file structure-v5.csv (CSV, C-alpha atoms)
chain,number,residue,atom,x,y,z
A,10,MET,CA,-68.2,-167.9,-7.7
A,11,PRO,CA,-66.8,-167.5,-11.3
A,12,LYS,CA,-63.3,-168.5,-11.8
A,13,VAL,CA,-60.9,-165.6,-12.6
A,14,THR,CA,-58.7,-166.6,-15.5
A,15,GLY,CA,-55.1,-165.4,-16.0
A,16,THR,CA,-56.3,-163.2,-18.9
A,17,ARG,CA,-59.0,-161.6,-16.8
A,18,LYS,CA,-56.5,-160.9,-14.0
A,19,LEU,CA,-54.1,-159.2,-16.5
A,20,ALA,CA,-57.0,-157.2,-17.9
A,21,ALA,CA,-58.0,-156.1,-14.3
A,22,ILE,CA,-54.4,-155.1,-13.5
A,23,ALA,CA,-54.1,-153.2,-16.7
A,24,LEU,CA,-57.3,-151.3,-16.0
A,25,LEU,CA,-56.1,-150.5,-12.4
A,26,VAL,CA,-52.8,-149.2,-13.8
A,27,ALA,CA,-54.5,-147.1,-16.4
A,28,VAL,CA,-56.9,-145.6,-13.8
A,29,SER,CA,-54.0,-144.9,-11.4
A,30,GLY,CA,-52.0,-143.2,-14.2
A,31,PHE,CA,-55.0,-141.1,-15.1
A,32,SER,CA,-55.4,-140.0,-11.5
A,33,VAL,CA,-51.7,-139.0,-11.3
A,34,ALA,CA,-51.9,-137.2,-14.6
A,35,GLN,CA,-54.9,-135.3,-13.4
A,36,SER,CA,-53.4,-134.4,-10.0
A,37,LYS,CA,-50.1,-133.2,-11.3
A,38,PRO,CA,-51.3,-129.8,-12.8
A,39,ALA,CA,-53.2,-129.1,-9.5
A,40,LEU,CA,-50.0,-129.8,-7.6
A,41,VAL,CA,-48.0,-127.5,-9.8
A,42,HIS,CA,-50.6,-124.8,-9.4
A,43,ARG,CA,-50.6,-125.1,-5.6
A,44,GLN,CA,-46.8,-124.8,-5.6
A,45,PHE,CA,-47.0,-121.8,-7.9
A,46,LEU,CA,-49.5,-120.0,-5.6
A,47,SER,CA,-47.4,-120.8,-2.6
A,48,ARG,CA,-44.3,-119.3,-4.2
A,49,LEU,CA,-46.3,-116.3,-5.3
A,50,SER,CA,-47.5,-115.7,-1.7
A,51,ALA,CA,-43.9,-116.0,-0.5
A,52,ALA,CA,-42.7,-113.5,-3.1
A,53,ALA,CA,-45.3,-111.0,-2.0
A,54,ILE,CA,-44.4,-111.4,1.7
A,55,GLU,CA,-40.7,-110.9,0.8
A,56,ARG,CA,-41.7,-107.5,-0.8
A,57,THR,CA,-42.8,-106.2,2.6
A,58,HIS,CA,-39.1,-105.9,3.5
A,59,HIS,CA,-38.5,-103.3,0.8
A,60,SER,CA,-38.8,-99.6,1.2
A,61,VAL,CA,-40.9,-98.2,-1.6
A,62,ARG,CA,-42.2,-94.6,-2.1
A,63,TYR,CA,-45.7,-94.3,-3.6
A,64,VAL,CA,-45.0,-92.6,-7.0
A,65,SER,CA,-47.7,-92.9,-9.6
A,66,MET,CA,-46.3,-90.8,-12.5
A,67,TYR,CA,-45.9,-92.1,-16.0
A,68,VAL,CA,-42.4,-93.4,-16.6
A,69,HIS,CA,-40.7,-94.6,-19.7
A,70,ILE,CA,-39.3,-98.1,-19.0
A,71,PRO,CA,-37.6,-100.8,-21.1
A,72,TYR,CA,-39.6,-103.6,-22.8
A,73,PRO,CA,-39.7,-106.4,-22.0
A,74,GLY,CA,-38.7,-106.8,-18.4
A,75,GLY,CA,-39.1,-103.1,-17.6
A,76,ASP,CA,-39.8,-101.7,-14.2
A,77,VAL,CA,-40.0,-98.3,-12.6
A,78,PRO,CA,-37.2,-97.3,-10.1
A,79,ALA,CA,-36.9,-100.0,-7.5
A,80,ASP,CA,-37.6,-97.6,-4.6
A,81,THR,CA,-40.9,-96.3,-6.2
A,82,GLY,CA,-44.1,-97.8,-7.4
A,83,VAL,CA,-47.9,-98.2,-6.9
A,84,CYS,CA,-50.1,-101.2,-6.1
A,85,THR,CA,-49.8,-102.7,-9.6
A,86,ASP,CA,-46.0,-102.4,-9.6
A,87,GLU,CA,-45.9,-104.7,-6.5
A,88,VAL,CA,-48.0,-107.3,-8.3
A,89,ILE,CA,-45.7,-107.1,-11.3
A,90,ARG,CA,-42.7,-107.7,-9.0
A,91,TYR,CA,-44.3,-110.7,-7.3
A,92,TYR,CA,-44.7,-112.4,-10.7
A,93,ARG,CA,-41.3,-111.3,-11.9
A,94,ALA,CA,-39.8,-113.2,-9.0
A,95,LEU,CA,-41.4,-116.3,-10.4
A,96,GLY,CA,-40.2,-115.6,-14.0
A,97,VAL,CA,-43.5,-114.2,-15.3
A,98,ASP,CA,-43.4,-110.8,-17.0
A,99,LEU,CA,-46.8,-109.2,-16.8
A,100,GLN,CA,-45.6,-106.2,-18.8
A,101,LYS,CA,-44.9,-108.5,-21.7
A,102,GLU,CA,-48.0,-110.7,-21.3
A,103,VAL,CA,-50.4,-107.8,-21.0
A,104,HIS,CA,-48.9,-105.9,-23.8
A,105,GLU,CA,-49.0,-108.8,-26.2
A,106,ASP,CA,-52.6,-109.5,-25.4
A,107,MET,CA,-53.5,-105.9,-25.9
A,108,LEU,CA,-51.8,-105.8,-29.2
A,109,ARG,CA,-54.1,-108.6,-30.4
A,110,ASN,CA,-57.2,-107.6,-28.5
A,111,PHE,CA,-57.0,-103.9,-27.8
A,112,SER,CA,-60.8,-103.3,-27.9
A,113,ALA,CA,-61.3,-105.8,-25.0
A,114,TYR,CA,-59.4,-103.4,-22.7
A,115,PRO,CA,-60.6,-100.1,-21.2
A,116,SER,CA,-57.5,-98.1,-22.3
A,117,GLN,CA,-59.3,-96.7,-25.3
A,118,ARG,CA,-62.5,-95.7,-23.4
A,119,ARG,CA,-61.0,-94.7,-20.0
A,120,TRP,CA,-57.7,-93.1,-20.9
A,121,HIS,CA,-58.4,-92.2,-24.6
A,122,ARG,CA,-55.6,-94.3,-25.9
A,123,THR,CA,-55.5,-95.3,-29.5
A,124,ALA,CA,-52.9,-98.1,-29.2
A,125,PRO,CA,-51.3,-100.2,-26.5
A,126,ASP,CA,-48.5,-98.6,-24.4
A,127,ALA,CA,-46.0,-101.0,-22.8
A,128,ASN,CA,-44.8,-98.3,-20.4
A,129,ILE,CA,-48.1,-98.0,-18.6
A,130,ASP,CA,-50.8,-100.5,-19.6
A,131,HIS,CA,-49.8,-103.3,-17.2
A,132,ARG,CA,-49.6,-100.7,-14.4
A,133,ARG,CA,-53.3,-99.9,-14.5
A,134,VAL,CA,-55.7,-102.0,-12.3
A,135,PRO,CA,-58.6,-102.0,-14.8
A,136,ASN,CA,-56.3,-103.4,-17.5
A,137,LEU,CA,-55.0,-106.1,-15.1
A,138,MET,CA,-58.6,-107.1,-14.2
A,139,VAL,CA,-59.4,-107.7,-17.9
A,140,PHE,CA,-56.1,-109.6,-18.4
A,141,PHE,CA,-56.7,-111.9,-15.4
A,142,GLN,CA,-60.3,-112.5,-16.6
A,143,ARG,CA,-59.0,-113.4,-20.1
A,144,LYS,CA,-55.9,-115.4,-19.1
A,145,GLY,CA,-56.5,-116.6,-15.6
A,146,GLU,CA,-59.3,-117.8,-13.4
A,147,THR,CA,-62.1,-115.5,-12.3
A,148,LEU,CA,-63.3,-116.6,-8.8
A,149,PRO,CA,-66.5,-115.7,-6.9
A,150,ILE,CA,-66.6,-112.5,-4.9
A,151,THR,CA,-68.0,-113.4,-1.5
A,152,SER,CA,-68.1,-112.1,2.0
A,153,ASN,CA,-66.7,-115.4,3.3
A,154,SER,CA,-63.0,-115.1,4.0
A,155,ALA,CA,-62.5,-118.8,3.6
A,156,ASP,CA,-63.1,-118.4,-0.1
A,157,TYR,CA,-59.9,-116.4,-0.5
A,158,SER,CA,-56.7,-118.4,-0.5
A,159,PRO,CA,-53.0,-117.5,-0.6
A,160,GLY,CA,-51.9,-116.5,-4.1
A,161,ASP,CA,-55.4,-115.1,-5.0
A,162,LEU,CA,-55.4,-111.6,-6.5
A,163,VAL,CA,-58.1,-109.2,-5.2
A,164,THR,CA,-59.1,-105.8,-6.6
A,165,TRP,CA,-61.1,-103.1,-4.9
A,166,ASP,CA,-63.0,-99.9,-5.5
A,167,LEU,CA,-61.7,-97.4,-3.0
A,168,GLY,CA,-64.4,-94.9,-4.0
A,169,GLY,CA,-64.3,-91.9,-6.4
A,170,GLY,CA,-63.2,-94.1,-9.3
A,171,VAL,CA,-60.0,-95.1,-7.5
A,172,THR,CA,-59.1,-98.8,-8.0
A,173,HIS,CA,-56.7,-101.0,-6.0
A,174,ILE,CA,-55.1,-104.4,-6.2
A,175,GLY,CA,-53.4,-106.7,-3.7
A,176,ILE,CA,-52.7,-110.4,-3.0
A,177,VAL,CA,-53.8,-112.9,-0.4
A,178,VAL,CA,-50.8,-114.4,1.4
A,179,ASP,CA,-50.2,-117.4,3.6
A,180,HIS,CA,-50.1,-115.5,6.9
A,181,ARG,CA,-53.2,-115.2,9.2
A,182,SER,CA,-54.3,-112.2,11.2
A,183,LEU,CA,-54.0,-113.0,15.0
A,184,TRP,CA,-57.2,-111.1,15.5
A,185,SER,CA,-59.6,-112.3,12.8
A,186,ARG,CA,-57.8,-115.5,11.7
A,187,ARG,CA,-58.2,-114.3,8.1
A,188,TYR,CA,-55.4,-114.6,5.6
A,189,MET,CA,-53.6,-111.3,5.3
A,190,ILE,CA,-53.3,-109.0,2.2
A,191,VAL,CA,-50.0,-107.7,0.9
A,192,HIS,CA,-50.5,-104.4,-1.0
A,193,ASN,CA,-49.2,-100.9,-1.6
A,194,ILE,CA,-51.8,-98.4,-0.8
A,195,GLY,CA,-49.5,-95.4,-0.3
A,196,GLU,CA,-46.8,-96.5,2.2
A,197,GLY,CA,-45.0,-99.2,0.3
A,198,PRO,CA,-45.7,-102.9,0.4
A,199,LYS,CA,-47.4,-103.8,3.7
A,200,MET,CA,-49.1,-107.0,5.0
A,201,GLU,CA,-52.4,-106.1,6.6
A,202,ASP,CA,-55.8,-107.6,7.5
A,203,VAL,CA,-57.8,-105.5,5.0
A,204,LEU,CA,-59.6,-108.0,2.7
A,205,PHE,CA,-63.0,-106.5,3.5
A,206,ASN,CA,-62.0,-102.9,4.1
A,207,TRP,CA,-63.2,-101.8,0.7
A,208,LYS,CA,-65.7,-103.0,-2.0
A,209,ILE,CA,-64.2,-106.0,-3.7
A,210,THR,CA,-64.5,-105.8,-7.5
A,211,GLY,CA,-62.4,-108.8,-8.7
A,212,HIS,CA,-61.0,-112.1,-7.4
A,213,TYR,CA,-58.6,-114.0,-9.6
A,214,ARG,CA,-55.9,-116.6,-9.9
A,215,TYR,CA,-53.2,-116.4,-12.6
A,216,PHE,CA,-50.5,-119.0,-13.1
A,217,GLY,CA,-48.5,-117.3,-15.9
A,218,PRO,CA,-48.6,-118.1,-19.6
A,219,ASN,CA,-49.4,-121.7,-20.7

call {"tool": "encode", "arguments": {"input": "structure-v5.csv", "output": "structure tokens"}}
result
Amino acid sequence: MPKVTGTRKLAAIALLVAVSGFSVAQSKPALVHRQFLSRLSAAAIERTHHSVRYVSMYVHIPYPGGDVPADTGVCTDEVIRYYRALGVDLQKEVHEDMLRNFSAYPSQRRWHRTAPDANIDHRRVPNLMVFFQRKGETLPITSNSADYSPGDLVTWDLGGGVTHIGIVVDHRSLWSRRYMIVHNIGEGPKMEDVLFNWKITGHYRYFGPN
């Protein structure tokens, strides 16, 4: 058996330390992301304790940090509020990306807009879908509930051109054992077992700006 010299021992130790350090460096972003999604899920669940009337009208709001009246809102307004609780302003992030890449968004084609509008753009599901595709992670759309984790954003087609968005949260249905969805589909923010109630059109994760 070959003799291991002191120099070779030191080299082996150095290699082990380097590999260990690389593993820690690689795992740290994943840990931060998991913690972010957990906090996002908790923020969504907290929203179910608020009374919100479903009001979809156009509203002039401040920028950045603007919001419609606290007791009103639609499905997108709830998503915006989850992220605001974690210090991420989707109004600002969406608007800034649309200023630079307006043609990538459906506002021009769908709503005949000629320029970004910070009052409404981030409140429209199709715009959020494009934003999450561009700035977040686009995940597979499947019929397997195990593929959907707390903190994941899901969009649906309700039929007739009506779109919807909600978030998967860390609370399982007693009946199906699926993770529940927090969303506002007309009666304020609710936590319900509705993942597969409508046609899923998008599945995303977004951790905020880099």

call {"tool": "atom_distance", "arguments": {"input": "structure-v5.csv", "atom1": "CA of Tyr213 in chain A", "atom2": "CA of Leu162 in chain A"}}
result
5.1 Å

call {"tool": "atom_distance", "arguments": {"input": "structure-v5.csv", "atom1": "CA of Leu40 in chain A", "atom2": "CA of Asp179 in chain A"}}
result
16.7 Å

call {"tool": "residues_around", "arguments": {"input": "structure-v5.csv", "residues": "Ala53 in chain A", "least_positions_apart": "4", "cutoff": "8 Å", "atoms": "all atoms listed in the file", "output": "PyMOL selection string"}}
result
chain A and resi 49+57+87-88+91+176+178+191

call {"tool": "closest_atom_pairs", "arguments": {"input": "structure-v5.csv", "of": "range 114-200 of chain A", "to": "range 61-69 of chain A", "cutoff": "9 Å", "atoms": "only C-alpha atoms", "output": "Markdown table"}}
result
| residue | atom | partner | partner_atom | distance |
| --- | --- | --- | --- | --- |
| A:Ala127 | CA | A:His69 | CA | 8.9 |
| A:Asn128 | CA | A:His69 | CA | 5.6 |
| A:Ile129 | CA | A:Tyr67 | CA | 6.8 |
| A:Asn193 | CA | A:Tyr63 | CA | 7.7 |
| A:Ile194 | CA | A:Tyr63 | CA | 7.9 |
| A:Gly195 | CA | A:Tyr63 | CA | 5.2 |
| A:Glu196 | CA | A:Tyr63 | CA | 6.3 |
| A:Gly197 | CA | A:Val61 | CA | 4.6 |
| A:Pro198 | CA | A:Val61 | CA | 7.0 |

call {"tool": "residues_around", "arguments": {"input": "structure-v5.csv", "residues": "range 136-145 of chain A", "least_positions_apart": "5", "cutoff": "10 Å", "atoms": "all atoms listed in the file", "output": "tab-separated table (two decimals) with C-alpha atoms, in the coordinates of the input"}}
result
chain	number	residue	atom	x	y	z
A	85	THR	CA	-49.80	-102.70	-9.60
A	88	VAL	CA	-48.00	-107.30	-8.30
A	99	LEU	CA	-46.80	-109.20	-16.80
A	102	GLU	CA	-48.00	-110.70	-21.30
A	103	VAL	CA	-50.40	-107.80	-21.00
A	104	HIS	CA	-48.90	-105.90	-23.80
A	106	ASP	CA	-52.60	-109.50	-25.40
A	107	MET	CA	-53.50	-105.90	-25.90
A	113	ALA	CA	-61.30	-105.80	-25.00
A	114	TYR	CA	-59.40	-103.40	-22.70
A	115	PRO	CA	-60.60	-100.10	-21.20
A	116	SER	CA	-57.50	-98.10	-22.30
A	129	ILE	CA	-48.10	-98.00	-18.60
A	130	ASP	CA	-50.80	-100.50	-19.60
A	131	HIS	CA	-49.80	-103.30	-17.20
A	162	LEU	CA	-55.40	-111.60	-6.50
A	163	VAL	CA	-58.10	-109.20	-5.20
A	164	THR	CA	-59.10	-105.80	-6.60
A	174	ILE	CA	-55.10	-104.40	-6.20
A	210	THR	CA	-64.50	-105.80	-7.50
A	211	GLY	CA	-62.40	-108.80	-8.70
A	212	HIS	CA	-61.00	-112.10	-7.40
A	213	TYR	CA	-58.60	-114.00	-9.60
A	214	ARG	CA	-55.90	-116.60	-9.90
A	215	TYR	CA	-53.20	-116.40	-12.60
A	216	PHE	CA	-50.50	-119.00	-13.10
A	217	GLY	CA	-48.50	-117.30	-15.90
A	218	PRO	CA	-48.60	-118.10	-19.60
A	219	ASN	CA	-49.40	-121.70	-20.70

call {"tool": "residues_around", "arguments": {"input": "structure-v5.csv", "residues": "Gly74 in chain A", "least_positions_apart": "5", "cutoff": "8 Å", "atoms": "all atoms listed in the file", "output": "ChimeraX atom specification"}}
result
/A:98,100-101

call {"tool": "closest_residue", "arguments": {"input": "structure-v5.csv", "among": "A:Glu105, A:Arg93, A:Asp80, A:Ser36", "to": "His58 in chain A", "atoms": "all atoms listed in the file"}}
result
A:Asp80

call {"tool": "closest_residue", "arguments": {"input": "structure-v5.csv", "among": "A:Arg133, A:His192, A:His121, A:Arg48", "to": "Gly175 in chain A", "atoms": "all atoms listed in the file"}}
result
A:His192

call {"tool": "residues_near_point", "arguments": {"input": "structure-v5.csv", "point": "(-54.1, -103.0, -32.4)", "cutoff": "9 Å", "atoms": "all atoms listed in the file", "output": "PDB file with C-alpha atoms, in the coordinates of the input"}}
result
ATOM      1  CA  MET A 107     -53.500-105.900 -25.900  1.00  0.00           C
ATOM      2  CA  LEU A 108     -51.800-105.800 -29.200  1.00  0.00           C
ATOM      3  CA  ARG A 109     -54.100-108.600 -30.400  1.00  0.00           C
ATOM      4  CA  ASN A 110     -57.200-107.600 -28.500  1.00  0.00           C
ATOM      5  CA  PHE A 111     -57.000-103.900 -27.800  1.00  0.00           C
ATOM      6  CA  SER A 112     -60.800-103.300 -27.900  1.00  0.00           C
ATOM      7  CA  THR A 123     -55.500 -95.300 -29.500  1.00  0.00           C
ATOM      8  CA  ALA A 124     -52.900 -98.100 -29.200  1.00  0.00           C
ATOM      9  CA  PRO A 125     -51.300-100.200 -26.500  1.00  0.00           C
TER      10      PRO A 125
END

call {"tool": "residues_around", "arguments": {"input": "structure-v5.csv", "residues": "His180 in chain A", "least_positions_apart": "6", "cutoff": "12 Å", "atoms": "only C-alpha atoms", "output": "PyMOL selection string"}}
result
chain A and resi 47+50-51+53-54+158-160+186-191+200-202

call {"tool": "atom_distance", "arguments": {"input": "structure-v5.csv", "atom1": "CA of Asp161 in chain A", "atom2": "CA of Thr147 in chain A"}}
result
9.9 Å

call {"tool": "closest_residue", "arguments": {"input": "structure-v5.csv", "among": "A:Lys199, A:Phe45, A:Leu204, A:Asp156", "to": "Ala94 in chain A", "atoms": "only C-alpha atoms"}}
result
A:Phe45

call {"tool": "decode", "arguments": {"input": "structure-v5.csv", "residues": "range 98-189 of chain A", "atoms": "C-alpha atoms", "output": "PDB file, in the first residue's frame"}}
result
ATOM      1  CA  ASP A  98     -43.484  45.230  -5.257  1.00  0.00           C
ATOM      2  CA  LEU A  99     -45.007  43.554  -8.310  1.00  0.00           C
ATOM      3  CA  GLN A 100     -46.439  46.879  -9.449  1.00  0.00           C
ATOM      4  CA  LYS A 101     -42.924  48.268  -9.762  1.00  0.00           C
ATOM      5  CA  GLU A 102     -41.323  45.095 -11.153  1.00  0.00           C
ATOM      6  CA  VAL A 103     -43.966  44.549 -13.828  1.00  0.00           C
ATOM      7  CA  HIS A 104     -44.053  48.204 -14.833  1.00  0.00           C
ATOM      8  CA  GLU A 105     -40.281  48.465 -15.186  1.00  0.00           C
ATOM      9  CA  ASP A 106     -40.118  45.331 -17.317  1.00  0.00           C
ATOM     10  CA  MET A 107     -42.975  46.545 -19.498  1.00  0.00           C
ATOM     11  CA  LEU A 108     -41.244  49.888 -20.014  1.00  0.00           C
ATOM     12  CA  ARG A 109     -38.264  48.017 -21.470  1.00  0.00           C
ATOM     13  CA  ASN A 110     -40.137  45.194 -23.213  1.00  0.00           C
ATOM     14  CA  PHE A 111     -43.666  46.402 -23.932  1.00  0.00           C
ATOM     15  CA  SER A 112     -44.038  44.298 -27.078  1.00  0.00           C
ATOM     16  CA  ALA A 113     -43.505  41.101 -25.048  1.00  0.00           C
ATOM     17  CA  TYR A 114     -46.747  41.723 -23.142  1.00  0.00           C
ATOM     18  CA  PRO A 115     -50.344  41.309 -24.354  1.00  0.00           C
ATOM     19  CA  SER A 116     -51.483  44.802 -23.296  1.00  0.00           C
ATOM     20  CA  GLN A 117     -51.060  46.208 -26.790  1.00  0.00           C
ATOM     21  CA  ARG A 118     -52.946  43.383 -28.500  1.00  0.00           C
ATOM     22  CA  ARG A 119     -55.554  42.520 -25.878  1.00  0.00           C
ATOM     23  CA  TRP A 120     -56.433  45.902 -24.383  1.00  0.00           C
ATOM     24  CA  HIS A 121     -55.209  48.138 -27.232  1.00  0.00           C
ATOM     25  CA  ARG A 122     -52.765  49.959 -24.992  1.00  0.00           C
ATOM     26  CA  THR A 123     -50.025  52.030 -26.574  1.00  0.00           C
ATOM     27  CA  ALA A 124     -47.825  52.301 -23.478  1.00  0.00           C
ATOM     28  CA  PRO A 125     -47.457  50.716 -20.034  1.00  0.00           C
ATOM     29  CA  ASP A 126     -49.894  51.806 -17.325  1.00  0.00           C
ATOM     30  CA  ALA A 127     -48.710  51.372 -13.731  1.00  0.00           C
ATOM     31  CA  ASN A 128     -52.294  51.633 -12.476  1.00  0.00           C
ATOM     32  CA  ILE A 129     -53.516  48.426 -14.088  1.00  0.00           C
ATOM     33  CA  ASP A 130     -50.839  46.370 -15.883  1.00  0.00           C
ATOM     34  CA  HIS A 131     -49.783  44.337 -12.822  1.00  0.00           C
ATOM     35  CA  ARG A 132     -53.449  43.671 -12.000  1.00  0.00           C
ATOM     36  CA  ARG A 133     -54.040  41.687 -15.196  1.00  0.00           C
ATOM     37  CA  VAL A 134     -53.458  37.922 -15.174  1.00  0.00           C
ATOM     38  CA  PRO A 135     -52.089  37.668 -18.749  1.00  0.00           C
ATOM     39  CA  ASN A 136     -49.473  40.317 -17.940  1.00  0.00           C
ATOM     40  CA  LEU A 137     -48.449  38.493 -14.752  1.00  0.00           C
ATOM     41  CA  MET A 138     -48.124  35.255 -16.722  1.00  0.00           C
ATOM     42  CA  VAL A 139     -45.673  36.876 -19.131  1.00  0.00           C
ATOM     43  CA  PHE A 140     -43.794  38.519 -16.260  1.00  0.00           C
ATOM     44  CA  PHE A 141     -43.420  35.254 -14.321  1.00  0.00           C
ATOM     45  CA  GLN A 142     -42.259  33.489 -17.487  1.00  0.00           C
ATOM     46  CA  ARG A 143     -39.642  36.163 -18.053  1.00  0.00           C
ATOM     47  CA  LYS A 144     -38.452  36.742 -14.490  1.00  0.00           C
ATOM     48  CA  GLY A 145     -39.312  33.570 -12.594  1.00  0.00           C
ATOM     49  CA  GLU A 146     -39.452  29.832 -13.177  1.00  0.00           C
ATOM     50  CA  THR A 147     -41.979  28.269 -15.531  1.00  0.00           C
ATOM     51  CA  LEU A 148     -42.925  24.826 -14.224  1.00  0.00           C
ATOM     52  CA  PRO A 149     -44.707  21.907 -15.927  1.00  0.00           C
ATOM     53  CA  ILE A 150     -48.484  21.818 -16.079  1.00  0.00           C
ATOM     54  CA  THR A 151     -49.531  18.336 -15.018  1.00  0.00           C
ATOM     55  CA  SER A 152     -52.511  16.469 -13.569  1.00  0.00           C
ATOM     56  CA  ASN A 153     -50.399  15.208 -10.662  1.00  0.00           C
ATOM     57  CA  SER A 154     -51.041  17.245  -7.511  1.00  0.00           C
ATOM     58  CA  ALA A 155     -47.611  16.246  -6.143  1.00  0.00           C
ATOM     59  CA  ASP A 156     -46.033  18.511  -8.794  1.00  0.00           C
ATOM     60  CA  TYR A 157     -47.533  21.611  -7.155  1.00  0.00           C
ATOM     61  CA  SER A 158     -45.805  22.892  -4.024  1.00  0.00           C
ATOM     62  CA  PRO A 159     -46.518  25.662  -1.491  1.00  0.00           C
ATOM     63  CA  GLY A 160     -45.514  29.019  -2.924  1.00  0.00           C
ATOM     64  CA  ASP A 161     -46.230  27.972  -6.523  1.00  0.00           C
ATOM     65  CA  LEU A 162     -48.399  30.330  -8.563  1.00  0.00           C
ATOM     66  CA  VAL A 163     -51.105  28.819 -10.761  1.00  0.00           C
ATOM     67  CA  THR A 164     -53.230  30.433 -13.474  1.00  0.00           C
ATOM     68  CA  TRP A 165     -56.445  29.090 -14.946  1.00  0.00           C
ATOM     69  CA  ASP A 166     -58.826  29.600 -17.853  1.00  0.00           C
ATOM     70  CA  LEU A 167     -62.319  29.859 -16.352  1.00  0.00           C
ATOM     71  CA  GLY A 168     -63.892  29.819 -19.796  1.00  0.00           C
ATOM     72  CA  GLY A 169     -65.114  32.613 -22.026  1.00  0.00           C
ATOM     73  CA  GLY A 170     -61.730  34.309 -22.001  1.00  0.00           C
ATOM     74  CA  VAL A 171     -61.798  34.835 -18.215  1.00  0.00           C
ATOM     75  CA  THR A 172     -58.439  34.241 -16.519  1.00  0.00           C
ATOM     76  CA  HIS A 173     -57.667  33.594 -12.859  1.00  0.00           C
ATOM     77  CA  ILE A 174     -54.640  33.277 -10.574  1.00  0.00           C
ATOM     78  CA  GLY A 175     -53.998  31.799  -7.134  1.00  0.00           C
ATOM     79  CA  ILE A 176     -51.239  30.330  -5.002  1.00  0.00           C
ATOM     80  CA  VAL A 177     -50.563  26.874  -3.599  1.00  0.00           C
ATOM     81  CA  VAL A 178     -50.257  26.992   0.203  1.00  0.00           C
ATOM     82  CA  ASP A 179     -48.876  24.744   2.906  1.00  0.00           C
ATOM     83  CA  HIS A 180     -52.213  23.383   4.072  1.00  0.00           C
ATOM     84  CA  ARG A 181     -53.654  20.091   2.826  1.00  0.00           C
ATOM     85  CA  SER A 182     -57.257  19.238   2.115  1.00  0.00           C
ATOM     86  CA  LEU A 183     -58.571  16.679   4.602  1.00  0.00           C
ATOM     87  CA  TRP A 184     -60.500  15.042   1.779  1.00  0.00           C
ATOM     88  CA  SER A 185     -58.041  14.859  -1.141  1.00  0.00           C
ATOM     89  CA  ARG A 186     -54.749  15.434   0.756  1.00  0.00           C
ATOM     90  CA  ARG A 187     -53.823  17.952  -1.944  1.00  0.00           C
ATOM     91  CA  TYR A 188     -52.253  21.262  -1.055  1.00  0.00           C
ATOM     92  CA  MET A 189     -54.930  23.941  -0.947  1.00  0.00           C
TER      93      MET A 189
END
